[in-house]
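Student: Have a look at this one before I ask anything.
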4 protein chains.
Amino acid sequence: MTDDPRRPDDTPPRRHAAGEDPQKRGQILAGAWQEFMAKGFDAATMNGICRAAGVSKGTLYVYFRNKEDLFVALVEHRRVQISEQLRAALAVPGGIEARLTAYAAAIIRMLTSAEVLRSQRIVVAMAERMPDLARRFYDAGARQVLNGLGRWLTEAEEAGLLRIPDAERAAHQFVELATAGVWRQYLFGLRSDPPRQGEIDALAADAVRIFMAAHRSPPAG
Amino acid sequence: MTDDPRRPDDTPPRRHAAGEDPQKRGQILAGAWQEFMAKGFDAATMNGICRAAGVSKGTLYVYFRNKEDLFVALVEHRRVQISEQLRAALAVPGGIEARLTAYAAAIIRMLTSAEVLRSQRIVVAMAERMPDLARRFYDAGARQVLNGLGRWLTEAEEAGLLRIPDAERAAHQFVELATAGVWRQYLFGLRSDPPRQGEIDALAADAVRIFMAAHRSPPAG
Amino acid sequence: MTDDPRRPDDTPPRRHAAGEDPQKRGQILAGAWQEFMAKGFDAATMNGICRAAGVSKGTLYVYFRNKEDLFVALVEHRRVQISEQLRAALAVPGGIEARLTAYAAAIIRMLTSAEVLRSQRIVVAMAERMPDLARRFYDAGARQVLNGLGRWLTEAEEAGLLRIPDAERAAHQFVELATAGVWRQYLFGLRSDPPRQGEIDALAADAVRIFMAAHRSPPAG
Amino acid sequence: MTDDPRRPDDTPPRRHAAGEDPQKRGQILAGAWQEFMAKGFDAATMNGICRAAGVSKGTLYVYFRNKEDLFVALVEHRRVQISEQLRAALAVPGGIEARLTAYAAAIIRMLTSAEVLRSQRIVVAMAERMPDLARRFYDAGARQVLNGLGRWLTEAEEAGLLRIPDAERAAHQFVELATAGVWRQYLFGLRSDPPRQGEIDALAADAVRIFMAAHRSPPAG
DNA sequence: AATGAATGAGCATTCATTCAT
DNA sequence: GATGAATGAATGCTCATTCAT
């Protein structure tokens, strides 16, 4: 409505309403991400965020009403991003074992990426003060995986390939097997470099092996 | 209690050196625990800690150089406590399956207790700022379980009961299976009431079933 | 309304020079009046004034160099308005007592009107910081009344109706008698609803009675 | 209890509880008085008050919870002071006319003193935002005068010296006559030096003359 | 000429730390 | 040795003013 759709794509938009420029908003969120993730909610300062974002304090407060709002918006932003990455990463084709293996690898990679870990750390830290935020964040990640996987396991059972009494718990277990111990170590900062491909493959293969051993449909008769 | 009534009259009263009275130190740590766990590192105030500990600010600063030192000491203190509780909880007798089941139940209970969760949240929150602290904390808990369980699994394998190529990874997997999904939910604050006995039993049984299915020694021949 | 439709085609549109459109100036002053009177000088914001005036910030700063200038201009504007209202209210016909009574009533009504009170409060508040402004404001109101009344009392004396050694002081005294105590109460916010007609009449009558008793010309001889 | 009553009077008290040292409290109030009276409530800064009081910001906030509280406390403090000064000034002996004259002079002096004027200006400025404060302030001053004078006029009437139908209104009128016009001029800052003795005497004498003329009891018969 | 997004100095308030008592 | 009043740097946030559009 305000932008002329015929102007070339590289032309910057003429003028944005206050607090409406998506590029600037992104810039602020990027600065806030740096600051919040490096220092945590309380130790992060609005001044630091301004500096990191290359934006003045006044502008910051046009885009976000206060520190808490900015934080919530940031976490929601990451939530959506992670959600989308996850959806893409989990869209894998193939037979049941191949798919599970790819799934496990994708989950391992996701949960050990520095960005996701930092998001999780800060959300966990604020879980007591902002329970809703933490819940939504969890739901966006874990829940999505669980639902996707759960649905899929149900199909596998109906096809007679697996025997799974409780699809949700099985999905939980699969995720936990895949990240067995590794996630916790990353979360506590014992490791920070991403796992090597070989380790991911081994973890994924092992998770699938155990999962299949536990859930394989018994031979009929 | 603190003064020895038998000391000669000319002996000055037995005082503790500054910052050396272990009882007062414990008092401070107890107050700090309350304050830090309720508010997190940054939001906790030294005044609040004094109030909670029933100690003056001057005294506080005799025992601990600053806020960070106090926090580190506190976490170390909890680390030791949790470690000891864990050791006691994991000293269970019985056959292999019964022991594993009891083990799983103990781990679930420990990891879903409000105190342990709060410790973990606050340590995770500070993991980026105080990596060593987080590392030591993790080691005290996870590591200990893993080592104990790992040693034990090795024995079971040597006895021909289980076939376990990598005892440490197997131990990881067992712990993860036991808390499958539950710990993450507690950590993110989706749940806060402790799990019911029935749920613990079901989780533990399932974890053991899967673990055994995956690792049972194949019949010889 | 602003553009003359009959102007020749080659004439550029008759625009006002920057900061010269009297209608816009009035609009700004109206908005400023609202904002300043509602919040006082310091708590009023330029943004609020823009909003109330329906004018952009840029425009505002074209018409007035800064907040202080705007305030001064506003007070001057009100000064003129009040002055004119006063002149109209004080143009009463009739005999000496009737005129004094009407005069007293007019003064009471003026000095207890919410708008005048707010003007006075804000000007008094700024008297220390902007002495000239306060002086001019006072002169516009009080002074005018005093001069008018003074001139008139002089006439009455010359006509032998009253005996008044110092017309100015007598005028002062009359005004004070009229608003006896009431103005102070309104100024301090003890009352805010306008006085009822009956009260005004009583106050006015009493003021005139006392004033006449004090100044009536003694019977000759 | 904490102070040894036997120590010499000039010895400073050993230690005061936080926010309890009356000397420091007075120091802060003195600084706040300077700053508030010079700039008004909003333009006064807590930093400025600290500087003026020779006290650190932390200390300031121990004695007063926030700016508003400090302001209220300050006004209440002045209120009590003014009240006491007033009581002393109004305790005059003598016959009815001498007393009224002394009374008028005392009121004029009080209402034209720089301190009282400044108090009034700032209280008037805040009357809309802090109506209770303004009311209490008014009551402490005006009301006290009015009550004292009113009671006294009633006695005079009962003694047959004056005929006063409404003692309160008469008291109002007397006060207004005494300060006829002068107070308003001081309030608006047209004058700031205290009135000379001669002017005070003239104003007082005139006020009494008019008041007596208006209220003198008619000769019996 | 008009706009309003951007700026950043300045505000009230908090709190880790010190040190006189 | 213990105390807690005092300190002042640092925080989140506001708003008068500017200037590119």
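Chain labels A, B, ... are given in the sequence in which chains occur in the structure tokens; within each chain residues are numbered consecutively from 1, and ligands are likewise numbered from 1 in the order shown.
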What are the coordinates of chain D as a PDB file with C-alpha atoms, in the first residue's frame following a least-squares fit to chain A on all in-order C-alpha atoms?
Tutor:
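Ended up saving to result_20.pdb:
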ATOM      1  CA  MET D   1      -0.057   0.863  -0.588  1.00  0.00           C
ATOM      2  CA  THR D   2       2.861   3.072   0.395  1.00  0.00           C
ATOM      3  CA  ASP D   3       5.461   1.246  -1.660  1.00  0.00           C
ATOM      4  CA  ASP D   4       5.439   1.537  -5.412  1.00  0.00           C
ATOM      5  CA  PRO D   5       5.526  -2.069  -6.600  1.00  0.00           C
ATOM      6  CA  ARG D   6       7.249  -1.034  -9.790  1.00  0.00           C
ATOM      7  CA  ARG D   7      10.438   0.286  -8.258  1.00  0.00           C
ATOM      8  CA  PRO D   8      13.444  -2.026  -8.586  1.00  0.00           C
ATOM      9  CA  ASP D   9      13.873  -4.581  -5.809  1.00  0.00           C
ATOM     10  CA  ASP D  10      17.133  -3.131  -4.529  1.00  0.00           C
ATOM     11  CA  THR D  11      15.714   0.341  -3.924  1.00  0.00           C
ATOM     12  CA  PRO D  12      15.265   0.910  -0.233  1.00  0.00           C
ATOM     13  CA  PRO D  13      11.704   1.772   0.800  1.00  0.00           C
ATOM     14  CA  ARG D  14      11.136   5.512   0.983  1.00  0.00           C
ATOM     15  CA  ARG D  15      10.201   5.997   4.603  1.00  0.00           C
ATOM     16  CA  HIS D  16       8.882   3.688   7.254  1.00  0.00           C
ATOM     17  CA  ALA D  17       6.442   4.436  10.014  1.00  0.00           C
ATOM     18  CA  ALA D  18       7.991   4.651  13.469  1.00  0.00           C
ATOM     19  CA  GLY D  19       8.896   1.208  14.700  1.00  0.00           C
ATOM     20  CA  GLU D  20       7.884  -0.353  11.417  1.00  0.00           C
ATOM     21  CA  ASP D  21      11.077  -0.654   9.398  1.00  0.00           C
ATOM     22  CA  PRO D  22      11.661  -4.405   9.268  1.00  0.00           C
ATOM     23  CA  GLN D  23      15.335  -3.973   8.461  1.00  0.00           C
ATOM     24  CA  LYS D  24      15.926  -1.812  11.497  1.00  0.00           C
ATOM     25  CA  ARG D  25      13.894  -4.160  13.597  1.00  0.00           C
ATOM     26  CA  GLY D  26      16.095  -6.986  12.444  1.00  0.00           C
ATOM     27  CA  GLN D  27      19.187  -4.942  13.195  1.00  0.00           C
ATOM     28  CA  ILE D  28      18.003  -4.343  16.745  1.00  0.00           C
ATOM     29  CA  LEU D  29      17.104  -7.984  17.234  1.00  0.00           C
ATOM     30  CA  ALA D  30      20.567  -8.963  16.015  1.00  0.00           C
ATOM     31  CA  GLY D  31      22.214  -6.600  18.483  1.00  0.00           C
ATOM     32  CA  ALA D  32      19.954  -7.740  21.263  1.00  0.00           C
ATOM     33  CA  TRP D  33      20.766 -11.328  20.446  1.00  0.00           C
ATOM     34  CA  GLN D  34      24.477 -10.680  20.840  1.00  0.00           C
ATOM     35  CA  GLU D  35      24.102  -8.812  24.075  1.00  0.00           C
ATOM     36  CA  PHE D  36      21.502 -11.049  25.706  1.00  0.00           C
ATOM     37  CA  MET D  37      23.237 -14.250  24.735  1.00  0.00           C
ATOM     38  CA  ALA D  38      26.609 -13.038  25.932  1.00  0.00           C
ATOM     39  CA  LYS D  39      25.424 -11.708  29.289  1.00  0.00           C
ATOM     40  CA  GLY D  40      21.988 -13.023  30.130  1.00  0.00           C
ATOM     41  CA  PHE D  41      18.850 -10.987  30.616  1.00  0.00           C
ATOM     42  CA  ASP D  42      19.787  -9.005  33.687  1.00  0.00           C
ATOM     43  CA  ALA D  43      23.420  -8.320  32.887  1.00  0.00           C
ATOM     44  CA  ALA D  44      22.644  -7.232  29.352  1.00  0.00           C
ATOM     45  CA  THR D  45      22.256  -3.468  29.116  1.00  0.00           C
ATOM     46  CA  MET D  46      20.126  -1.468  26.772  1.00  0.00           C
ATOM     47  CA  ASN D  47      23.154   0.670  26.043  1.00  0.00           C
ATOM     48  CA  GLY D  48      25.076  -2.412  25.043  1.00  0.00           C
ATOM     49  CA  ILE D  49      22.251  -3.475  22.784  1.00  0.00           C
ATOM     50  CA  CYS D  50      22.165  -0.059  21.139  1.00  0.00           C
ATOM     51  CA  ARG D  51      25.887  -0.216  20.552  1.00  0.00           C
ATOM     52  CA  ALA D  52      25.703  -3.744  19.177  1.00  0.00           C
ATOM     53  CA  ALA D  53      22.768  -2.860  16.971  1.00  0.00           C
ATOM     54  CA  GLY D  54      24.181   0.438  15.763  1.00  0.00           C
ATOM     55  CA  VAL D  55      20.981   2.189  16.741  1.00  0.00           C
ATOM     56  CA  SER D  56      20.259   4.984  19.165  1.00  0.00           C
ATOM     57  CA  LYS D  57      18.461   4.469  22.407  1.00  0.00           C
ATOM     58  CA  GLY D  58      15.517   6.497  21.279  1.00  0.00           C
ATOM     59  CA  THR D  59      15.061   4.310  18.230  1.00  0.00           C
ATOM     60  CA  LEU D  60      15.358   1.193  20.309  1.00  0.00           C
ATOM     61  CA  TYR D  61      12.490   2.356  22.473  1.00  0.00           C
ATOM     62  CA  VAL D  62      10.370   3.146  19.459  1.00  0.00           C
ATOM     63  CA  TYR D  63      10.614  -0.460  18.333  1.00  0.00           C
ATOM     64  CA  PHE D  64      10.319  -2.083  21.741  1.00  0.00           C
ATOM     65  CA  ARG D  65       8.516  -0.708  24.758  1.00  0.00           C
ATOM     66  CA  ASN D  66      11.092  -1.920  27.260  1.00  0.00           C
ATOM     67  CA  LYS D  67      13.798  -4.436  27.974  1.00  0.00           C
ATOM     68  CA  GLU D  68      11.415  -7.245  28.758  1.00  0.00           C
ATOM     69  CA  ASP D  69       9.387  -6.712  25.612  1.00  0.00           C
ATOM     70  CA  LEU D  70      12.549  -6.727  23.554  1.00  0.00           C
ATOM     71  CA  PHE D  71      13.648  -9.938  25.181  1.00  0.00           C
ATOM     72  CA  VAL D  72      10.322 -11.624  24.606  1.00  0.00           C
ATOM     73  CA  ALA D  73      10.265 -10.489  20.993  1.00  0.00           C
ATOM     74  CA  LEU D  74      13.778 -11.778  20.527  1.00  0.00           C
ATOM     75  CA  VAL D  75      12.970 -15.192  21.924  1.00  0.00           C
ATOM     76  CA  GLU D  76       9.838 -15.411  19.842  1.00  0.00           C
ATOM     77  CA  HIS D  77      11.890 -14.462  16.806  1.00  0.00           C
ATOM     78  CA  ARG D  78      14.404 -17.219  17.500  1.00  0.00           C
ATOM     79  CA  ARG D  79      11.598 -19.601  18.214  1.00  0.00           C
ATOM     80  CA  VAL D  80      10.142 -19.085  14.752  1.00  0.00           C
ATOM     81  CA  GLN D  81      13.550 -19.334  13.123  1.00  0.00           C
ATOM     82  CA  ILE D  82      14.423 -22.535  14.916  1.00  0.00           C
ATOM     83  CA  SER D  83      11.018 -23.931  14.148  1.00  0.00           C
ATOM     84  CA  GLU D  84      11.485 -23.316  10.461  1.00  0.00           C
ATOM     85  CA  GLN D  85      14.997 -24.696  10.351  1.00  0.00           C
ATOM     86  CA  LEU D  86      13.724 -27.731  12.144  1.00  0.00           C
ATOM     87  CA  ARG D  87      10.886 -28.285   9.746  1.00  0.00           C
ATOM     88  CA  ALA D  88      13.288 -28.159   6.822  1.00  0.00           C
ATOM     89  CA  ALA D  89      15.843 -30.419   8.481  1.00  0.00           C
ATOM     90  CA  LEU D  90      13.268 -33.010   9.349  1.00  0.00           C
ATOM     91  CA  ALA D  91      11.791 -33.355   5.877  1.00  0.00           C
ATOM     92  CA  VAL D  92      13.799 -36.413   4.942  1.00  0.00           C
ATOM     93  CA  PRO D  93      12.782 -39.136   2.496  1.00  0.00           C
ATOM     94  CA  GLY D  94      13.631 -42.809   2.519  1.00  0.00           C
ATOM     95  CA  GLY D  95      12.850 -46.059   4.305  1.00  0.00           C
ATOM     96  CA  ILE D  96      12.156 -46.309   8.001  1.00  0.00           C
ATOM     97  CA  GLU D  97      15.709 -46.848   9.251  1.00  0.00           C
ATOM     98  CA  ALA D  98      17.289 -44.355   6.865  1.00  0.00           C
ATOM     99  CA  ARG D  99      14.733 -41.805   7.840  1.00  0.00           C
ATOM    100  CA  LEU D 100      15.199 -42.348  11.545  1.00  0.00           C
ATOM    101  CA  THR D 101      18.951 -42.080  11.106  1.00  0.00           C
ATOM    102  CA  ALA D 102      18.684 -38.839   9.165  1.00  0.00           C
ATOM    103  CA  TYR D 103      16.224 -37.576  11.723  1.00  0.00           C
ATOM    104  CA  ALA D 104      18.565 -38.332  14.597  1.00  0.00           C
ATOM    105  CA  ALA D 105      21.462 -36.646  12.842  1.00  0.00           C
ATOM    106  CA  ALA D 106      19.382 -33.536  12.173  1.00  0.00           C
ATOM    107  CA  ILE D 107      18.303 -33.327  15.781  1.00  0.00           C
ATOM    108  CA  ILE D 108      21.851 -33.715  17.038  1.00  0.00           C
ATOM    109  CA  ARG D 109      23.093 -31.017  14.752  1.00  0.00           C
ATOM    110  CA  MET D 110      20.312 -28.680  15.716  1.00  0.00           C
ATOM    111  CA  LEU D 111      20.653 -29.197  19.453  1.00  0.00           C
ATOM    112  CA  THR D 112      24.398 -28.731  19.434  1.00  0.00           C
ATOM    113  CA  SER D 113      24.476 -25.603  17.316  1.00  0.00           C
ATOM    114  CA  ALA D 114      25.801 -22.626  19.246  1.00  0.00           C
ATOM    115  CA  GLU D 115      22.766 -20.518  18.419  1.00  0.00           C
ATOM    116  CA  VAL D 116      20.209 -23.004  19.591  1.00  0.00           C
ATOM    117  CA  LEU D 117      22.175 -23.745  22.732  1.00  0.00           C
ATOM    118  CA  ARG D 118      22.425 -20.102  23.629  1.00  0.00           C
ATOM    119  CA  SER D 119      18.726 -19.651  23.088  1.00  0.00           C
ATOM    120  CA  GLN D 120      18.012 -22.585  25.298  1.00  0.00           C
ATOM    121  CA  ARG D 121      20.337 -21.445  28.031  1.00  0.00           C
ATOM    122  CA  ILE D 122      18.819 -18.042  28.285  1.00  0.00           C
ATOM    123  CA  VAL D 123      15.297 -19.332  28.085  1.00  0.00           C
ATOM    124  CA  VAL D 124      15.994 -21.910  30.776  1.00  0.00           C
ATOM    125  CA  ALA D 125      17.521 -19.168  32.909  1.00  0.00           C
ATOM    126  CA  MET D 126      14.311 -17.153  32.655  1.00  0.00           C
ATOM    127  CA  ALA D 127      11.940 -20.095  32.933  1.00  0.00           C
ATOM    128  CA  GLU D 128      11.007 -19.218  36.504  1.00  0.00           C
ATOM    129  CA  ARG D 129      10.356 -15.545  35.768  1.00  0.00           C
ATOM    130  CA  MET D 130       8.727 -15.950  32.369  1.00  0.00           C
ATOM    131  CA  PRO D 131       7.056 -19.342  32.371  1.00  0.00           C
ATOM    132  CA  ASP D 132       4.918 -18.668  29.326  1.00  0.00           C
ATOM    133  CA  LEU D 133       7.869 -17.682  27.237  1.00  0.00           C
ATOM    134  CA  ALA D 134       9.746 -20.839  28.167  1.00  0.00           C
ATOM    135  CA  ARG D 135       6.724 -22.972  27.464  1.00  0.00           C
ATOM    136  CA  ARG D 136       6.195 -21.515  24.041  1.00  0.00           C
ATOM    137  CA  PHE D 137       9.859 -21.884  23.250  1.00  0.00           C
ATOM    138  CA  TYR D 138       9.901 -25.503  24.289  1.00  0.00           C
ATOM    139  CA  ASP D 139       6.765 -26.212  22.346  1.00  0.00           C
ATOM    140  CA  ALA D 140       8.220 -24.703  19.202  1.00  0.00           C
ATOM    141  CA  GLY D 141      11.208 -27.000  19.360  1.00  0.00           C
ATOM    142  CA  ALA D 142      10.754 -30.186  21.274  1.00  0.00           C
ATOM    143  CA  ARG D 143       7.033 -30.353  20.761  1.00  0.00           C
ATOM    144  CA  GLN D 144       7.302 -29.939  17.024  1.00  0.00           C
ATOM    145  CA  VAL D 145       9.834 -32.711  16.760  1.00  0.00           C
ATOM    146  CA  LEU D 146       7.795 -34.914  18.981  1.00  0.00           C
ATOM    147  CA  ASN D 147       4.589 -34.353  17.104  1.00  0.00           C
ATOM    148  CA  GLY D 148       6.202 -34.918  13.702  1.00  0.00           C
ATOM    149  CA  LEU D 149       8.041 -37.980  14.795  1.00  0.00           C
ATOM    150  CA  GLY D 150       5.070 -39.279  16.755  1.00  0.00           C
ATOM    151  CA  ARG D 151       2.726 -39.052  13.788  1.00  0.00           C
ATOM    152  CA  TRP D 152       5.256 -40.799  11.668  1.00  0.00           C
ATOM    153  CA  LEU D 153       5.846 -43.592  14.178  1.00  0.00           C
ATOM    154  CA  THR D 154       2.130 -44.142  14.333  1.00  0.00           C
ATOM    155  CA  GLU D 155       2.119 -44.669  10.568  1.00  0.00           C
ATOM    156  CA  ALA D 156       5.018 -47.075  10.874  1.00  0.00           C
ATOM    157  CA  GLU D 157       3.123 -49.043  13.455  1.00  0.00           C
ATOM    158  CA  GLU D 158      -0.015 -49.180  11.365  1.00  0.00           C
ATOM    159  CA  ALA D 159       2.120 -50.459   8.529  1.00  0.00           C
ATOM    160  CA  GLY D 160       3.246 -53.243  10.865  1.00  0.00           C
ATOM    161  CA  LEU D 161       6.851 -52.133  10.883  1.00  0.00           C
ATOM    162  CA  LEU D 162       7.098 -51.136  14.529  1.00  0.00           C
ATOM    163  CA  ARG D 163       5.187 -51.947  17.676  1.00  0.00           C
ATOM    164  CA  ILE D 164       4.756 -48.779  19.670  1.00  0.00           C
ATOM    165  CA  PRO D 165       2.223 -48.609  22.470  1.00  0.00           C
ATOM    166  CA  ASP D 166       2.737 -44.890  23.282  1.00  0.00           C
ATOM    167  CA  ALA D 167       3.939 -42.926  20.278  1.00  0.00           C
ATOM    168  CA  GLU D 168       4.677 -39.763  22.231  1.00  0.00           C
ATOM    169  CA  ARG D 169       6.854 -41.448  24.802  1.00  0.00           C
ATOM    170  CA  ALA D 170       8.614 -43.390  22.082  1.00  0.00           C
ATOM    171  CA  ALA D 171       9.312 -40.163  20.260  1.00  0.00           C
ATOM    172  CA  HIS D 172      10.723 -38.675  23.473  1.00  0.00           C
ATOM    173  CA  GLN D 173      12.888 -41.677  23.921  1.00  0.00           C
ATOM    174  CA  PHE D 174      14.163 -41.527  20.394  1.00  0.00           C
ATOM    175  CA  VAL D 175      15.140 -37.878  20.722  1.00  0.00           C
ATOM    176  CA  GLU D 176      16.858 -38.562  24.008  1.00  0.00           C
ATOM    177  CA  LEU D 177      18.684 -41.536  22.625  1.00  0.00           C
ATOM    178  CA  ALA D 178      19.859 -39.464  19.710  1.00  0.00           C
ATOM    179  CA  THR D 179      21.303 -36.733  21.848  1.00  0.00           C
ATOM    180  CA  ALA D 180      22.273 -39.189  24.580  1.00  0.00           C
ATOM    181  CA  GLY D 181      24.291 -37.180  27.047  1.00  0.00           C
ATOM    182  CA  VAL D 182      25.615 -34.943  24.372  1.00  0.00           C
ATOM    183  CA  TRP D 183      23.018 -32.249  24.703  1.00  0.00           C
ATOM    184  CA  ARG D 184      23.498 -31.986  28.422  1.00  0.00           C
ATOM    185  CA  GLN D 185      27.218 -31.572  27.938  1.00  0.00           C
ATOM    186  CA  TYR D 186      26.757 -28.851  25.399  1.00  0.00           C
ATOM    187  CA  LEU D 187      24.168 -27.150  27.576  1.00  0.00           C
ATOM    188  CA  PHE D 188      26.541 -27.038  30.518  1.00  0.00           C
ATOM    189  CA  GLY D 189      29.250 -25.746  28.259  1.00  0.00           C
ATOM    190  CA  LEU D 190      31.533 -28.770  28.538  1.00  0.00           C
ATOM    191  CA  ARG D 191      31.710 -28.803  24.823  1.00  0.00           C
ATOM    192  CA  SER D 192      31.163 -25.988  22.420  1.00  0.00           C
ATOM    193  CA  ASP D 193      32.602 -26.988  19.072  1.00  0.00           C
ATOM    194  CA  PRO D 194      30.048 -28.774  16.922  1.00  0.00           C
ATOM    195  CA  PRO D 195      30.350 -32.550  16.880  1.00  0.00           C
ATOM    196  CA  ARG D 196      32.254 -34.078  13.963  1.00  0.00           C
ATOM    197  CA  GLN D 197      30.353 -35.874  11.261  1.00  0.00           C
ATOM    198  CA  GLY D 198      31.694 -39.205  12.449  1.00  0.00           C
ATOM    199  CA  GLU D 199      30.405 -38.690  15.958  1.00  0.00           C
ATOM    200  CA  ILE D 200      27.029 -37.618  14.698  1.00  0.00           C
ATOM    201  CA  ASP D 201      26.790 -40.706  12.523  1.00  0.00           C
ATOM    202  CA  ALA D 202      27.779 -42.985  15.378  1.00  0.00           C
ATOM    203  CA  LEU D 203      25.309 -41.393  17.773  1.00  0.00           C
ATOM    204  CA  ALA D 204      22.535 -41.546  15.205  1.00  0.00           C
ATOM    205  CA  ALA D 205      23.250 -45.115  14.236  1.00  0.00           C
ATOM    206  CA  ASP D 206      23.342 -46.237  17.824  1.00  0.00           C
ATOM    207  CA  ALA D 207      20.128 -44.440  18.633  1.00  0.00           C
ATOM    208  CA  VAL D 208      18.379 -46.090  15.714  1.00  0.00           C
ATOM    209  CA  ARG D 209      19.800 -49.510  16.574  1.00  0.00           C
ATOM    210  CA  ILE D 210      18.570 -49.337  20.141  1.00  0.00           C
ATOM    211  CA  PHE D 211      15.257 -47.861  19.192  1.00  0.00           C
ATOM    212  CA  MET D 212      14.648 -50.519  16.587  1.00  0.00           C
ATOM    213  CA  ALA D 213      15.735 -53.263  18.917  1.00  0.00           C
ATOM    214  CA  ALA D 214      13.233 -52.049  21.454  1.00  0.00           C
ATOM    215  CA  HIS D 215      10.347 -51.450  19.114  1.00  0.00           C
ATOM    216  CA  ARG D 216      10.715 -53.817  16.170  1.00  0.00           C
ATOM    217  CA  SER D 217       7.535 -55.573  15.406  1.00  0.00           C
ATOM    218  CA  PRO D 218       7.881 -59.268  16.326  1.00  0.00           C
ATOM    219  CA  PRO D 219       7.678 -61.647  13.392  1.00  0.00           C
ATOM    220  CA  ALA D 220       4.114 -62.688  12.871  1.00  0.00           C
ATOM    221  CA  GLY D 221       3.223 -66.240  13.955  1.00  0.00           C
TER     222      GLY D 221
END
Student: Please return as a VMD selection string: the residues of chain C that backbone DSSP assigns to helix (DSSP H, G or I).
Tutor: chain C and resid 22 to 43 46 to 53 57 to 63 67 to 90 96 to 111 114 to 126 131 to 158 167 to 178 182 to 187 197 to 215
Student: Distance limit 9 Å, atoms considered: only C-alpha atoms (C1' of nucleotides). Which chain E residues sit that close to chain B? Return them as a PyMOL selection string.
Tutor: chain E and resi 15-17
Student: For a quick test of understanding: name the residues of chain F lying within 10 Å of chain D when counting only C-alpha atoms (C1' of nucleotides), and present them as a PyMOL selection string.
Tutor: chain F and resi 4-8
Student: So how far away is C1' of DA5 in chain E from C1' of DT21 in chain F, in Å?
Tutor: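 Interatomic distance, C1' of DT21 in chain F to C1' of DA5 in chain E: 10.3 Å.
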Student: Between C1' of DA9 in chain E and C1' of DA20 in chain F, what distance in Å does the model show, to one decimal?
Tutor: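 Computing it gives 21.9 Å between the two atoms.
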Student: So how many Å separate C1' of DT21 in chain E and C1' of DA10 in chain F, to one decimal?
Tutor: 28.9 Å
